[in-house]
file query-v2.cif (mmCIF, C-alpha atoms)
data_structure
#
loop_
_atom_site.label_atom_id
_atom_site.label_comp_id
_atom_site.auth_asym_id
_atom_site.auth_seq_id
_atom_site.Cartn_x
_atom_site.Cartn_y
_atom_site.Cartn_z
CA MET C 10 167.95 38.59 58.79
CA LYS C 11 169.65 35.20 58.46
CA PRO C 12 171.06 35.14 62.03
CA MET C 13 167.60 36.08 63.37
CA LYS C 14 165.98 33.22 61.45
CA LYS C 15 168.65 30.79 62.61
CA ARG C 16 168.20 31.87 66.22
CA LYS C 17 164.43 31.48 65.86
CA THR C 18 164.91 27.96 64.51
CA GLU C 19 167.22 27.00 67.34
CA GLU C 20 164.76 28.30 69.92
CA ALA C 21 161.92 26.34 68.29
CA GLU C 22 163.98 23.16 68.43
CA LEU C 23 164.91 23.67 72.08
CA GLU C 24 161.31 24.21 73.21
CA PRO C 25 159.46 20.98 74.02
CA LEU C 26 156.93 19.92 71.41
CA CYS C 27 153.52 18.50 72.13
CA CYS C 28 152.26 15.46 70.28
CA CYS C 29 150.69 17.56 67.50
CA GLU C 30 153.51 20.08 66.99
CA TYR C 31 156.48 19.73 64.65
CA ILE C 32 159.30 21.66 63.01
CA ASP C 33 158.38 22.17 59.35
CA ARG C 34 160.70 22.26 56.34
CA ASN C 35 161.21 26.00 56.84
CA GLY C 36 162.59 25.42 60.34
CA GLU C 37 159.56 26.91 62.10
CA LYS C 38 157.30 25.40 64.72
CA ASN C 39 153.94 24.37 63.28
CA HIS C 40 150.81 22.55 64.41
CA MET C 41 148.81 19.79 62.73
CA ALA C 42 145.62 21.85 63.15
CA ALA C 43 147.14 24.45 60.81
CA CYS C 44 147.69 21.99 57.98
CA LEU C 45 145.30 23.91 55.69
CA CYS C 46 146.70 27.35 56.47
CA ASP C 47 149.16 29.29 54.28
CA CYS C 48 148.63 27.16 51.16
CA GLN C 49 149.43 29.73 48.48
CA ASP C 50 150.69 27.12 46.03
CA LEU C 51 147.58 24.98 46.48
CA ASP C 52 145.33 28.03 46.08
CA GLU C 53 147.15 28.97 42.90
CA GLY C 54 146.85 25.42 41.58
CA CYS C 55 143.10 25.33 42.29
CA ASP C 56 142.58 28.71 40.62
CA ARG C 57 144.43 27.61 37.50
CA TRP C 58 142.51 24.32 37.45
CA ILE C 59 139.14 26.10 37.74
CA THR C 60 140.05 28.54 34.96
CA CYS C 61 141.31 25.63 32.80
CA LYS C 62 144.88 26.92 32.75
CA SER C 63 147.93 24.69 32.74
CA MET C 64 149.84 24.34 36.00
CA ARG C 65 153.56 24.93 36.06
CA PRO C 66 155.71 21.91 37.02
CA GLU C 67 157.47 23.80 39.82
CA THR C 68 154.07 24.62 41.35
CA CYS C 69 153.15 20.92 41.40
CA GLU C 70 156.46 20.09 43.06
CA ARG C 71 155.94 22.74 45.74
CA ILE C 72 152.40 21.44 46.40
CA MET C 73 153.69 17.89 46.82
CA ASP C 74 156.48 19.09 49.11
CA THR C 75 153.97 20.96 51.26
CA ILE C 76 151.62 17.97 51.44
CA SER C 77 154.43 15.58 52.35
CA ASP C 78 155.69 17.98 55.02
CA ARG C 79 152.26 18.47 56.64
CA LEU C 80 151.00 14.89 56.45
CA ARG C 81 151.83 13.76 59.98
CA ILE C 82 150.48 11.71 62.86
CA PRO C 83 150.56 12.70 66.55
CA TRP C 84 153.56 11.26 68.39
CA LEU C 85 155.50 11.74 71.58
CA ARG C 86 157.84 14.77 71.44
CA GLY C 87 156.40 15.97 68.16
CA ALA C 88 154.28 14.76 65.25
CA LYS C 89 155.91 12.24 62.92
CA LYS C 90 155.95 12.65 59.16
CA VAL C 91 154.11 10.02 57.10
CA ASN C 92 155.48 9.07 53.70
CA VAL C 93 152.89 10.14 51.12
CA SER C 94 153.49 7.10 48.92
CA LEU C 95 152.34 4.80 51.76
CA VAL C 96 148.81 6.21 51.88
CA PRO C 97 147.23 5.54 48.42
CA PRO C 98 147.37 1.71 48.59
CA LEU C 99 145.87 1.69 52.09
CA VAL C 100 142.91 3.77 50.94
CA LEU C 101 142.37 3.01 47.27
CA LEU C 102 142.82 -0.78 47.19
CA PRO C 103 139.85 -1.66 49.48
CA VAL C 104 137.67 0.96 47.74
CA PHE C 105 138.48 -0.35 44.25
CA LEU C 106 137.95 -3.99 45.20
CA HIS C 107 134.61 -3.29 46.89
CA VAL C 108 133.42 -1.27 43.88
CA ALA C 109 134.56 -4.04 41.53
CA SER C 110 132.48 -6.59 43.44
CA TRP C 111 129.20 -4.78 42.68
CA HIS C 112 128.97 -6.05 39.09
CA PHE C 113 131.15 -8.08 36.75
CA LEU C 114 131.42 -5.16 34.30
CA LEU C 115 132.66 -2.88 37.04
CA GLY C 116 135.04 -5.65 38.05
CA ALA C 117 136.44 -5.87 34.52
CA VAL C 118 136.97 -2.11 34.32
CA VAL C 119 138.54 -1.76 37.77
CA LEU C 120 140.78 -4.82 37.54
CA THR C 121 141.99 -3.68 34.12
CA SER C 122 142.69 -0.13 35.27
CA LEU C 123 144.66 -1.15 38.40
CA PRO C 124 147.69 -2.57 36.51
CA VAL C 125 147.60 0.40 34.13
CA LEU C 126 147.72 2.86 37.03
CA ALA C 127 150.50 0.90 38.71
CA LEU C 128 152.58 0.86 35.51
CA TRP C 129 151.99 4.59 35.00
CA TYR C 130 153.17 5.36 38.51
CA TYR C 131 156.18 3.06 38.05
CA TYR C 132 157.34 4.82 34.88
CA LEU C 133 156.72 8.21 36.51
CA THR C 134 158.95 7.47 39.49
CA HIS C 135 161.47 5.48 37.42
CA ARG C 136 161.95 8.38 35.03
CA ARG C 137 162.61 10.74 37.92
CA LYS C 138 164.97 8.23 39.57
CA GLU C 139 163.15 8.56 42.87
CA GLN C 140 162.73 6.07 45.69
CA THR C 141 159.14 5.25 46.54
CA LEU C 142 157.43 3.10 49.16
CA PHE C 143 154.25 2.85 47.06
CA PHE C 144 154.90 -0.62 45.64
CA LEU C 145 156.25 -2.03 48.91
CA SER C 146 153.17 -0.68 50.69
CA LEU C 147 150.91 -2.05 47.93
CA GLY C 148 152.49 -5.50 48.13
CA LEU C 149 152.40 -5.80 51.91
CA PHE C 150 148.89 -4.38 52.21
CA SER C 151 147.65 -6.66 49.41
CA LEU C 152 148.98 -9.68 51.30
CA GLY C 153 147.32 -8.56 54.51
CA TYR C 154 144.03 -7.59 52.91
CA MET C 155 143.73 -10.80 50.87
CA TYR C 156 144.35 -12.80 54.04
CA TYR C 157 141.75 -10.72 55.90
CA VAL C 158 139.11 -11.31 53.19
CA PHE C 159 139.96 -15.02 53.24
CA LEU C 160 139.40 -15.20 57.00
CA GLN C 161 136.21 -13.12 56.93
CA GLU C 162 134.48 -14.41 53.80
CA VAL C 163 135.91 -17.82 52.86
CA VAL C 164 136.76 -19.64 56.10
CA PRO C 165 133.28 -19.22 57.68
CA LYS C 166 131.70 -21.17 54.80
CA GLY C 167 133.17 -24.36 56.28
CA ARG C 168 135.04 -25.69 53.25
CA VAL C 169 138.53 -24.80 54.54
CA GLY C 170 139.93 -27.08 57.23
CA PRO C 171 142.32 -26.15 60.05
CA THR C 172 145.27 -27.81 58.32
CA GLN C 173 144.68 -25.91 55.10
CA LEU C 174 144.38 -22.63 57.01
CA ALA C 175 147.58 -23.39 58.92
CA VAL C 176 149.47 -24.10 55.67
CA LEU C 177 148.26 -20.83 54.13
CA THR C 178 149.17 -18.87 57.26
CA CYS C 179 152.60 -20.48 57.36
CA GLY C 180 153.15 -19.53 53.73
CA LEU C 181 152.25 -15.91 54.52
CA PHE C 182 154.78 -15.74 57.36
CA LEU C 183 157.46 -17.33 55.17
CA ILE C 184 156.84 -14.65 52.53
CA LEU C 185 157.34 -11.92 55.12
CA LEU C 186 160.55 -13.55 56.38
CA ALA C 187 161.95 -13.87 52.86
CA LEU C 188 161.04 -10.24 52.11
CA TYR C 189 162.74 -9.14 55.32
CA ARG C 190 165.89 -10.98 54.23
CA ALA C 191 165.65 -9.56 50.69
CA LYS C 192 165.35 -6.03 52.10
CA LYS C 193 168.75 -6.31 53.77
CA ASN C 194 172.05 -5.17 52.30
CA PRO C 195 172.16 -6.27 48.63
CA GLY C 196 175.95 -5.94 48.59
CA TYR C 197 176.76 -2.24 48.74
CA LEU C 198 180.38 -1.44 48.00
CA SER C 199 182.40 0.46 50.58
CA ASN C 200 185.34 2.73 49.90
CA PRO C 201 188.54 1.24 51.42
CA ALA C 202 190.24 4.65 51.34
CA GLY C 203 187.81 6.29 53.74
CA SER C 204 186.71 5.99 57.32
CA ASP C 205 184.07 3.67 58.76
CA ARG C 206 181.42 6.34 59.06
CA SER C 207 178.08 5.02 57.74
CA PRO C 208 175.64 7.00 55.60
CA SER C 209 172.11 7.78 56.68
CA SER C 210 170.77 4.49 55.34
CA SER C 211 170.92 1.82 58.03
CA HIS C 212 171.37 -1.10 55.62
CA THR C 213 174.55 0.08 53.89
CA GLU C 214 178.06 -1.10 54.54
CA GLY C 215 179.37 2.21 55.86
CA LEU C 216 180.13 3.97 52.60
CA PRO C 217 182.52 6.79 53.54
CA ARG C 218 182.11 10.02 51.70
CA LYS C 219 183.92 13.35 52.04
CA GLY C 220 183.76 16.35 49.79
CA PRO C 221 181.28 18.72 48.23
CA GLU C 222 179.34 16.26 46.07
CA LYS C 223 176.36 14.60 47.73
CA THR C 224 174.99 11.28 46.69
CA LYS C 225 171.47 11.29 45.32
CA GLY C 226 168.94 9.69 47.59
CA PHE C 227 171.17 9.73 50.68
CA PRO C 228 171.45 13.26 52.05
CA GLY C 229 174.46 13.74 54.22
CA ALA C 230 176.52 11.07 52.45
CA GLU C 231 179.43 12.77 50.68
CA THR C 232 182.10 11.68 48.25
CA ALA C 233 185.62 10.87 49.32
CA GLY C 234 188.44 13.26 48.58
CA SER C 235 191.29 10.76 48.83
CA LEU C 236 191.78 7.78 46.52
CA ASN C 237 193.73 4.56 46.78
CA ASN C 238 197.00 3.91 44.91
CA ARG C 239 195.26 2.05 42.05
CA THR C 240 193.48 5.22 40.85
CA PRO C 241 195.21 7.73 38.57
CA LYS C 242 194.77 11.43 39.15
CA GLU C 243 192.64 11.79 36.03
CA ASP C 244 189.89 9.74 37.68
CA LEU C 245 189.09 12.65 39.96
CA LYS C 246 187.23 14.19 37.03
CA GLY C 247 185.16 11.04 36.54
CA SER C 248 187.13 9.63 33.62
CA PRO C 249 187.33 5.82 33.45
CA ARG C 250 190.58 4.04 34.20
CA MET C 251 192.59 2.79 31.19
CA GLN C 252 193.34 -0.86 30.62
CA ALA C 253 196.93 -1.98 30.83
CA GLY C 254 198.25 -2.69 27.35
CA SER C 255 195.35 -0.85 25.73
CA PRO C 256 195.78 2.87 26.51
CA THR C 257 193.01 3.97 24.15
CA LYS C 258 190.30 1.62 25.48
CA PRO C 259 188.68 2.70 28.75
CA LYS C 260 187.72 0.12 31.33
CA GLU C 261 184.53 1.11 33.12
CA ASP C 262 185.40 0.07 36.65
CA TRP C 263 185.63 3.48 38.31
CA CYS C 264 182.57 5.12 39.87
CA ALA C 265 182.98 8.89 39.96
CA LYS C 266 179.95 9.30 42.23
CA CYS C 267 181.00 6.83 44.93
CA GLN C 268 184.72 7.51 44.37
CA LEU C 269 185.75 3.86 44.34
CA VAL C 270 186.97 1.14 42.00
CA ARG C 271 184.22 -1.42 41.59
CA PRO C 272 184.70 -5.09 40.62
CA ALA C 273 183.28 -6.65 37.51
CA ARG C 274 179.47 -6.88 37.28
CA ALA C 275 179.05 -4.21 39.97
CA TRP C 276 177.09 -1.11 39.05
CA HIS C 277 175.97 2.19 40.48
CA CYS C 278 172.24 2.44 41.24
CA ARG C 279 171.03 5.94 40.47
CA ILE C 280 167.96 5.43 42.68
CA CYS C 281 169.77 4.16 45.79
CA GLY C 282 172.83 6.32 45.11
CA LEU C 283 175.29 3.49 45.83
CA CYS C 284 177.29 0.85 43.98
CA VAL C 285 176.09 -2.76 44.33
CA ARG C 286 178.07 -5.97 43.81
CA ARG C 287 176.73 -8.05 40.92
CA MET C 288 173.75 -5.75 40.59
CA ASP C 289 170.76 -7.38 38.93
CA HIS C 290 168.19 -4.58 39.07
CA HIS C 291 166.48 -2.13 41.39
CA CYS C 292 163.23 -3.73 42.53
CA VAL C 293 160.42 -1.34 43.40
CA TRP C 294 158.51 -4.11 45.21
CA ILE C 295 161.14 -4.22 47.96
CA ASN C 296 162.35 -0.61 47.46
CA SER C 297 165.92 -1.84 47.23
CA CYS C 298 168.45 -3.22 44.79
CA VAL C 299 168.80 -6.92 44.06
CA GLY C 300 172.48 -7.80 44.21
CA GLU C 301 174.98 -10.38 45.27
CA SER C 302 173.92 -10.57 48.93
CA ASN C 303 170.12 -10.69 48.58
CA HIS C 304 169.50 -12.25 45.15
CA GLN C 305 168.89 -15.69 46.64
CA ALA C 306 166.40 -14.32 49.19
CA PHE C 307 164.64 -12.43 46.38
CA ILE C 308 164.20 -15.63 44.36
CA LEU C 309 163.02 -17.48 47.47
CA ALA C 310 160.45 -14.77 48.24
CA LEU C 311 159.09 -14.99 44.69
CA LEU C 312 158.84 -18.80 44.85
CA ILE C 313 157.08 -18.85 48.23
CA PHE C 314 154.70 -16.10 47.10
CA LEU C 315 153.73 -17.98 43.94
CA LEU C 316 153.09 -21.23 45.80
CA THR C 317 151.11 -19.54 48.58
CA SER C 318 149.09 -17.41 46.17
CA VAL C 319 148.14 -20.35 43.94
CA TYR C 320 147.16 -22.37 47.02
CA GLY C 321 144.99 -19.54 48.38
CA ILE C 322 143.31 -19.02 44.99
CA THR C 323 142.55 -22.74 44.77
CA LEU C 324 141.00 -22.84 48.25
CA THR C 325 138.86 -19.77 47.56
CA LEU C 326 137.54 -20.99 44.19
CA ASP C 327 136.82 -24.42 45.64
CA THR C 328 134.69 -22.72 48.32
CA ILE C 329 132.68 -20.22 46.26
CA CYS C 330 132.43 -22.30 43.06
CA ARG C 331 131.90 -25.89 44.15
CA ASP C 332 132.13 -28.93 41.88
CA ARG C 333 134.17 -27.08 39.29
CA SER C 334 137.83 -27.17 38.40
CA VAL C 335 139.97 -24.17 39.29
CA PHE C 336 140.45 -23.06 35.70
CA THR C 337 136.75 -23.42 34.85
CA ALA C 338 135.62 -21.63 38.02
CA LEU C 339 137.95 -18.75 37.26
CA PHE C 340 136.11 -17.96 34.00
CA TYR C 341 132.66 -19.44 34.63
CA CYS C 342 131.15 -19.36 38.10
CA PRO C 343 127.36 -18.80 37.85
CA GLY C 344 125.69 -17.10 40.78
CA VAL C 345 128.92 -15.72 42.19
CA TYR C 346 127.47 -12.17 42.18
CA ALA C 347 124.26 -13.29 43.87
CA ASN C 348 125.56 -12.27 47.29
CA TYR C 349 128.16 -9.69 48.25
CA SER C 350 130.42 -12.10 50.18
CA SER C 351 131.08 -14.43 47.25
CA ALA C 352 131.36 -11.47 44.85
CA LEU C 353 134.06 -9.84 46.97
CA SER C 354 135.91 -13.15 47.30
CA PHE C 355 135.75 -13.71 43.52
CA THR C 356 137.02 -10.16 42.86
CA CYS C 357 139.94 -10.70 45.24
CA VAL C 358 140.70 -13.97 43.45
CA TRP C 359 141.03 -12.16 40.13
CA TYR C 360 143.15 -9.44 41.72
CA SER C 361 145.43 -12.15 43.12
CA VAL C 362 145.59 -13.83 39.72
CA ILE C 363 146.76 -10.58 38.08
CA ILE C 364 149.44 -10.02 40.72
CA THR C 365 150.50 -13.68 40.59
CA ALA C 366 150.81 -13.60 36.79
CA GLY C 367 153.08 -10.55 36.99
CA MET C 368 155.26 -12.14 39.66
CA ALA C 369 155.39 -15.40 37.70
CA TYR C 370 156.76 -13.50 34.70
CA ILE C 371 159.45 -11.88 36.88
CA PHE C 372 160.27 -15.29 38.37
CA LEU C 373 160.57 -16.86 34.90
CA ILE C 374 162.91 -14.11 33.69
CA GLN C 375 165.04 -14.54 36.82
CA LEU C 376 165.31 -18.31 36.31
CA ILE C 377 166.36 -17.81 32.69
CA ASN C 378 168.97 -15.20 33.62
CA ILE C 379 170.43 -17.40 36.35
CA SER C 380 170.60 -20.36 33.95
CA TYR C 381 172.63 -18.26 31.49
CA ASN C 382 174.56 -16.44 34.26
CA VAL C 383 173.50 -12.93 33.25
CA THR C 384 172.01 -10.15 35.32
CA GLU C 385 169.01 -8.11 34.27
CA ARG C 386 171.20 -5.06 33.89
CA GLU C 387 173.58 -6.95 31.60
CA VAL C 388 170.58 -8.08 29.55
CA GLN C 389 169.33 -4.51 29.13
CA GLN C 390 172.81 -3.32 28.21
CA ALA C 391 173.17 -6.11 25.63
CA LEU C 392 169.79 -5.21 24.10
CA ARG C 393 170.76 -1.54 23.83
CA GLN C 394 174.15 -2.33 22.28
CA LYS C 395 172.70 -5.16 20.14
CA THR C 396 175.20 -7.70 21.43
CA GLY C 397 174.76 -11.28 22.61
CA ARG C 398 172.49 -14.05 21.36
CA ARG C 399 168.74 -13.51 21.41
CA LEU C 400 166.50 -16.55 21.67
CA LEU C 401 162.71 -16.96 21.82
CA CYS C 402 161.99 -13.43 20.53
CA GLY C 403 164.34 -11.83 23.05
CA LEU C 404 163.02 -13.68 26.10
CA ILE C 405 166.46 -15.27 26.46
CA VAL C 406 169.56 -13.11 26.04
CA ASP C 407 172.93 -14.84 26.34
CA THR C 408 175.89 -12.47 26.48
CA GLY C 409 178.32 -15.42 26.58
CA GLN C 410 180.69 -13.55 28.88
CA TYR C 411 180.00 -15.47 32.09
CA ASN C 412 178.02 -18.47 30.85
CA ARG C 413 179.74 -21.72 31.91
CA GLY C 414 176.88 -24.17 31.52
CA PHE C 415 173.59 -24.73 33.29
CA LEU C 416 174.87 -26.63 36.34
CA ARG C 417 177.93 -24.46 36.95
CA ASN C 418 175.84 -21.30 36.57
CA TRP C 419 173.38 -22.48 39.21
CA HIS C 420 176.23 -23.60 41.46
CA GLN C 421 177.75 -20.14 41.25
CA PHE C 422 174.36 -18.57 42.06
CA SER C 423 173.91 -20.86 45.06
CA THR C 424 177.24 -19.66 46.49
CA LEU C 425 176.64 -15.93 46.02
CA GLY C 426 177.64 -13.84 48.98
CA THR C 427 179.84 -16.51 50.55
CA ARG C 428 183.38 -15.42 51.34
CA ALA C 429 184.82 -18.85 50.57
CA PHE C 430 183.54 -18.88 47.00
CA HIS C 431 186.37 -18.42 44.49
CA HIS C 432 185.33 -16.30 41.54
CA PRO C 433 186.87 -17.12 38.16
CA ALA C 434 189.74 -14.94 37.06
CA GLU C 435 187.72 -13.16 34.38
CA ASP C 436 185.16 -12.01 36.97
CA ILE C 437 187.73 -9.97 38.87
CA VAL C 438 188.95 -6.55 37.78
#
call {"tool": "encode", "arguments": {"input": "query-v2.cif", "output": "structure tokens"}}
result
Amino acid sequence: MKPMKKRKTEEAELEPLCCCEYIDRNGEKNHMAACLCDCQDLDEGCDRWITCKSMRPETCERIMDTISDRLRIPWLRGAKKVNVSLVPPLVLLPVFLHVASWHFLLGAVVLTSLPVLALWYYYLTHRRKEQTLFFLSLGLFSLGYMYYVFLQEVVPKGRVGPTQLAVLTCGLFLILLALYRAKKNPGYLSNPAGSDRSPSSSHTEGLPRKGPEKTKGFPGAETAGSLNNRTPKEDLKGSPRMQAGSPTKPKEDWCAKCQLVRPARAWHCRICGLCVRRMDHHCVWINSCVGESNHQAFILALLIFLLTSVYGITLTLDTICRDRSVFTALFYCPGVYANYSSALSFTCVWYSVIITAGMAYIFLIQLINISYNVTEREVQQALRQKTGRRLLCGLIVDTGQYNRGFLRNWHQFSTLGTRAFHHPAEDIV
């Protein structure tokens, strides 16, 4: 039976596909018009939901796999798969904002529920250690949709001049450029004992892998079977390398998953499946890690976003709530719900304020960490192990390991990723 199925799959792949045909996850030719056919798992889920019975987790996973496999768009030489996590922001965000603009009570309910839903989805995907494009899609679509509402509802009122519009547009393009730079290689570690074959991800540094173990999140990337001379034989089982002069104290510089010796402050990201130099954290907003090579671009993107967002909020409030200060107009703008245009603009302002407040908190934490020369991962580790100094109710955590003063810490951050920068001796394993 297996050879017959394999031959059938090979024949399906050799036959030319029309724009609506594709090879499904079972290796069979399928058509987009048959997307609702053979849905036993979905039928079972609907039956259990109607009869008020609980659904098994494996059934939910199979339903999501089927939906993600059949959600496609017509394309040349076969339909292309669409990532399911890209769709909800494109559909739900305009609907929620338009509903919220009907009445201020609806606006309060919707704008309060949006962050709650986003946090719930974040913890759901973070607990499963899965990559998701939901937050990247939400961020990019929010930028585009806020700019669209600004052009359609605010600019025609005549209060925004060409120079102000040009400045706002320039800020938007600078945000996109900074995000593009932040999405690049954060500083993935490569194995010097392997070949130069790159994994499936296009932004990695050619992490060579050989062997039976596959890295999570990067199918096809495999672990290396040969090690360099610095690694003892015991490390093949994943045990950490011992410090010289202290045989009983392990030094955690060996990654059993990537099969390489990593330098100090590097860490393995369980979501990306790779080790990152000076890893700060995995950011869902860019769907990538923040490390040595893209930390500066990440900070720059946050700064440009905050400045552009505050400027856009100020222009909008000055247009729909005249003769009032920005802070007063944000909380008291009589007559704003008198017409739909101003109501939608005011709702988008509050949505932008919520997003801006969240990004401002992230930016503040990043500035504090850079000033004390700690990464977010080192902060979380210090909080779990109850080490380091805690200031301002835990807002500031100083591990003291790499802190060399405010100016020297910022100088080291400004030279991250440069080959000529000489790291202190205690930073090198």
call {"tool": "resolve_selection", "arguments": {"input": "query-v2.cif", "expression": "the PyMOL selection byres ((chain C and resi 395-409) around 9)", "output": "mmCIF file with C-alpha atoms, in the frame of the given file"}}
result
data_model
loop_
_atom_site.group_PDB
_atom_site.id
_atom_site.type_symbol
_atom_site.label_atom_id
_atom_site.label_comp_id
_atom_site.auth_asym_id
_atom_site.auth_seq_id
_atom_site.Cartn_x
_atom_site.Cartn_y
_atom_site.Cartn_z
ATOM 1 C CA ILE C 374 162.910 -14.110 33.690
ATOM 2 C CA ILE C 377 166.360 -17.810 32.690
ATOM 3 C CA ASN C 378 168.970 -15.200 33.620
ATOM 4 C CA TYR C 381 172.630 -18.260 31.490
ATOM 5 C CA ASN C 382 174.560 -16.440 34.260
ATOM 6 C CA VAL C 383 173.500 -12.930 33.250
ATOM 7 C CA GLU C 387 173.580 -6.950 31.600
ATOM 8 C CA VAL C 388 170.580 -8.080 29.550
ATOM 9 C CA GLN C 390 172.810 -3.320 28.210
ATOM 10 C CA ALA C 391 173.170 -6.110 25.630
ATOM 11 C CA LEU C 392 169.790 -5.210 24.100
ATOM 12 C CA ARG C 393 170.760 -1.540 23.830
ATOM 13 C CA GLN C 394 174.150 -2.330 22.280
ATOM 14 C CA GLN C 410 180.690 -13.550 28.880
ATOM 15 C CA TYR C 411 180.000 -15.470 32.090
ATOM 16 C CA ASN C 412 178.020 -18.470 30.850
ATOM 17 C CA ARG C 413 179.740 -21.720 31.910
#
call {"tool": "residues_around", "arguments": {"input": "query-v2.cif", "residues": "Cys292 of chain C", "least_positions_apart": "3", "cutoff": "10 Å", "atoms": "all atoms listed in the file", "output": "number ranges by chain"}}
result
C: 144-145, 289, 295-299, 307
call {"tool": "resolve_selection", "arguments": {"input": "query-v2.cif", "expression": "the PyMOL selection byres ((chain C and resi 130) around 12)", "output": "ChimeraX atom specification"}}
result
/C:94,97,123-129,131-137,139-144,293
call {"tool": "resolve_selection", "arguments": {"input": "query-v2.cif", "expression": "the PyMOL selection byres ((chain C and resi 31) around 10)", "output": "list in words"}}
result
Ala21, Glu22, Pro25, Leu26, Cys27, Cys28, Cys29, Glu30, Ile32, Asp33, Arg34, Gly36, Glu37, Lys38, Asn39, His40, Met41, Asp78, Arg79, Arg81, Pro83, Trp84, Arg86, Gly87, Ala88, Lys89 and Lys90 of chain C
call {"tool": "closest_atom_pairs", "arguments": {"input": "query-v2.cif", "of": "segment 30-125 of chain C", "to": "segment 340-357 of chain C", "cutoff": "8 Å", "atoms": "only C-alpha atoms", "output": "JSON lines"}}
result
{"residue": "C:Leu106", "atom": "CA", "partner": "C:Thr356", "partner_atom": "CA", "distance": 6.7}
{"residue": "C:His107", "atom": "CA", "partner": "C:Leu353", "partner_atom": "CA", "distance": 6.6}
{"residue": "C:Ala109", "atom": "CA", "partner": "C:Thr356", "partner_atom": "CA", "distance": 6.7}
{"residue": "C:Ser110", "atom": "CA", "partner": "C:Leu353", "partner_atom": "CA", "distance": 5.1}
{"residue": "C:Trp111", "atom": "CA", "partner": "C:Ala352", "partner_atom": "CA", "distance": 7.4}
{"residue": "C:His112", "atom": "CA", "partner": "C:Tyr346", "partner_atom": "CA", "distance": 7.0}
{"residue": "C:Phe113", "atom": "CA", "partner": "C:Tyr346", "partner_atom": "CA", "distance": 7.7}
{"residue": "C:Gly116", "atom": "CA", "partner": "C:Thr356", "partner_atom": "CA", "distance": 6.9}
call {"tool": "closest_residue", "arguments": {"input": "query-v2.cif", "among": "C:Met368, C:Val335, C:Thr384, C:Leu198", "to": "Arg274 of chain C", "atoms": "only C-alpha atoms"}}
result
C:Thr384
call {"tool": "atom_distance", "arguments": {"input": "query-v2.cif", "atom1": "atom CA of Cys55 of chain C", "atom2": "atom CA of Val104 of chain C"}}
result
25.6 Å
call {"tool": "closest_residue", "arguments": {"input": "query-v2.cif", "among": "C:Val100, C:Leu339, C:Leu416, C:Leu312", "to": "Ala369 of chain C", "atoms": "only C-alpha atoms"}}
result
C:Leu312
call {"tool": "closest_residue", "arguments": {"input": "query-v2.cif", "among": "C:Gly414, C:Gly282, C:Pro195, C:Gly321", "to": "Val169 of chain C", "atoms": "all atoms listed in the file"}}
result
C:Gly321
call {"tool": "atom_distance", "arguments": {"input": "query-v2.cif", "atom1": "atom CA of Arg386 of chain C", "atom2": "atom CA of His290 of chain C"}}
result
6.0 Å
call {"tool": "atom_distance", "arguments": {"input": "query-v2.cif", "atom1": "atom CA of Gln389 of chain C", "atom2": "atom CA of Leu269 of chain C"}}
result
23.9 Å
call {"tool": "residues_around", "arguments": {"input": "query-v2.cif", "residues": "Gly153 of chain C", "least_positions_apart": "4", "cutoff": "12 Å", "atoms": "only C-alpha atoms", "output": "list in words"}}
result
Pro98, Leu99, Leu102, Pro103, Ser146, Leu147, Gly148, Leu149, Tyr157, Val158, Phe159, Leu160, Thr178, Leu181, Phe182, Ile184 and Leu185 of chain C
call {"tool": "build_atoms", "arguments": {"input": "query-v2.cif", "residues": "segment 421-427 of chain C", "atoms": "N, CA, C and O atoms", "output": "PDB file, in the coordinates of the input"}}
result
ATOM      1  N   GLN C 421     177.207 -21.449  40.910  1.00  0.00           N
ATOM      2  CA  GLN C 421     177.750 -20.140  41.250  1.00  0.00           C
ATOM      3  C   GLN C 421     176.682 -19.273  41.915  1.00  0.00           C
ATOM      4  O   GLN C 421     176.970 -18.559  42.881  1.00  0.00           O
ATOM      5  N   PHE C 422     175.436 -19.355  41.441  1.00  0.00           N
ATOM      6  CA  PHE C 422     174.360 -18.570  42.060  1.00  0.00           C
ATOM      7  C   PHE C 422     174.089 -19.029  43.487  1.00  0.00           C
ATOM      8  O   PHE C 422     173.817 -18.213  44.370  1.00  0.00           O
ATOM      9  N   SER C 423     174.180 -20.345  43.710  1.00  0.00           N
ATOM     10  CA  SER C 423     173.910 -20.860  45.060  1.00  0.00           C
ATOM     11  C   SER C 423     174.981 -20.465  46.066  1.00  0.00           C
ATOM     12  O   SER C 423     174.757 -20.535  47.272  1.00  0.00           O
ATOM     13  N   THR C 424     176.147 -20.053  45.586  1.00  0.00           N
ATOM     14  CA  THR C 424     177.240 -19.660  46.490  1.00  0.00           C
ATOM     15  C   THR C 424     177.461 -18.156  46.505  1.00  0.00           C
ATOM     16  O   THR C 424     178.506 -17.692  46.968  1.00  0.00           O
ATOM     17  N   LEU C 425     176.493 -17.383  45.998  1.00  0.00           N
ATOM     18  CA  LEU C 425     176.640 -15.930  46.020  1.00  0.00           C
ATOM     19  C   LEU C 425     176.689 -15.416  47.449  1.00  0.00           C
ATOM     20  O   LEU C 425     175.945 -15.883  48.311  1.00  0.00           O
ATOM     21  N   GLY C 426     177.550 -14.456  47.678  1.00  0.00           N
ATOM     22  CA  GLY C 426     177.640 -13.840  48.980  1.00  0.00           C
ATOM     23  C   GLY C 426     178.485 -14.579  49.991  1.00  0.00           C
ATOM     24  O   GLY C 426     178.684 -14.096  51.110  1.00  0.00           O
ATOM     25  N   THR C 427     178.991 -15.763  49.634  1.00  0.00           N
ATOM     26  CA  THR C 427     179.840 -16.510  50.550  1.00  0.00           C
ATOM     27  C   THR C 427     181.282 -16.102  50.340  1.00  0.00           C
ATOM     28  O   THR C 427     181.761 -16.000  49.208  1.00  0.00           O
TER      29      THR C 427
END
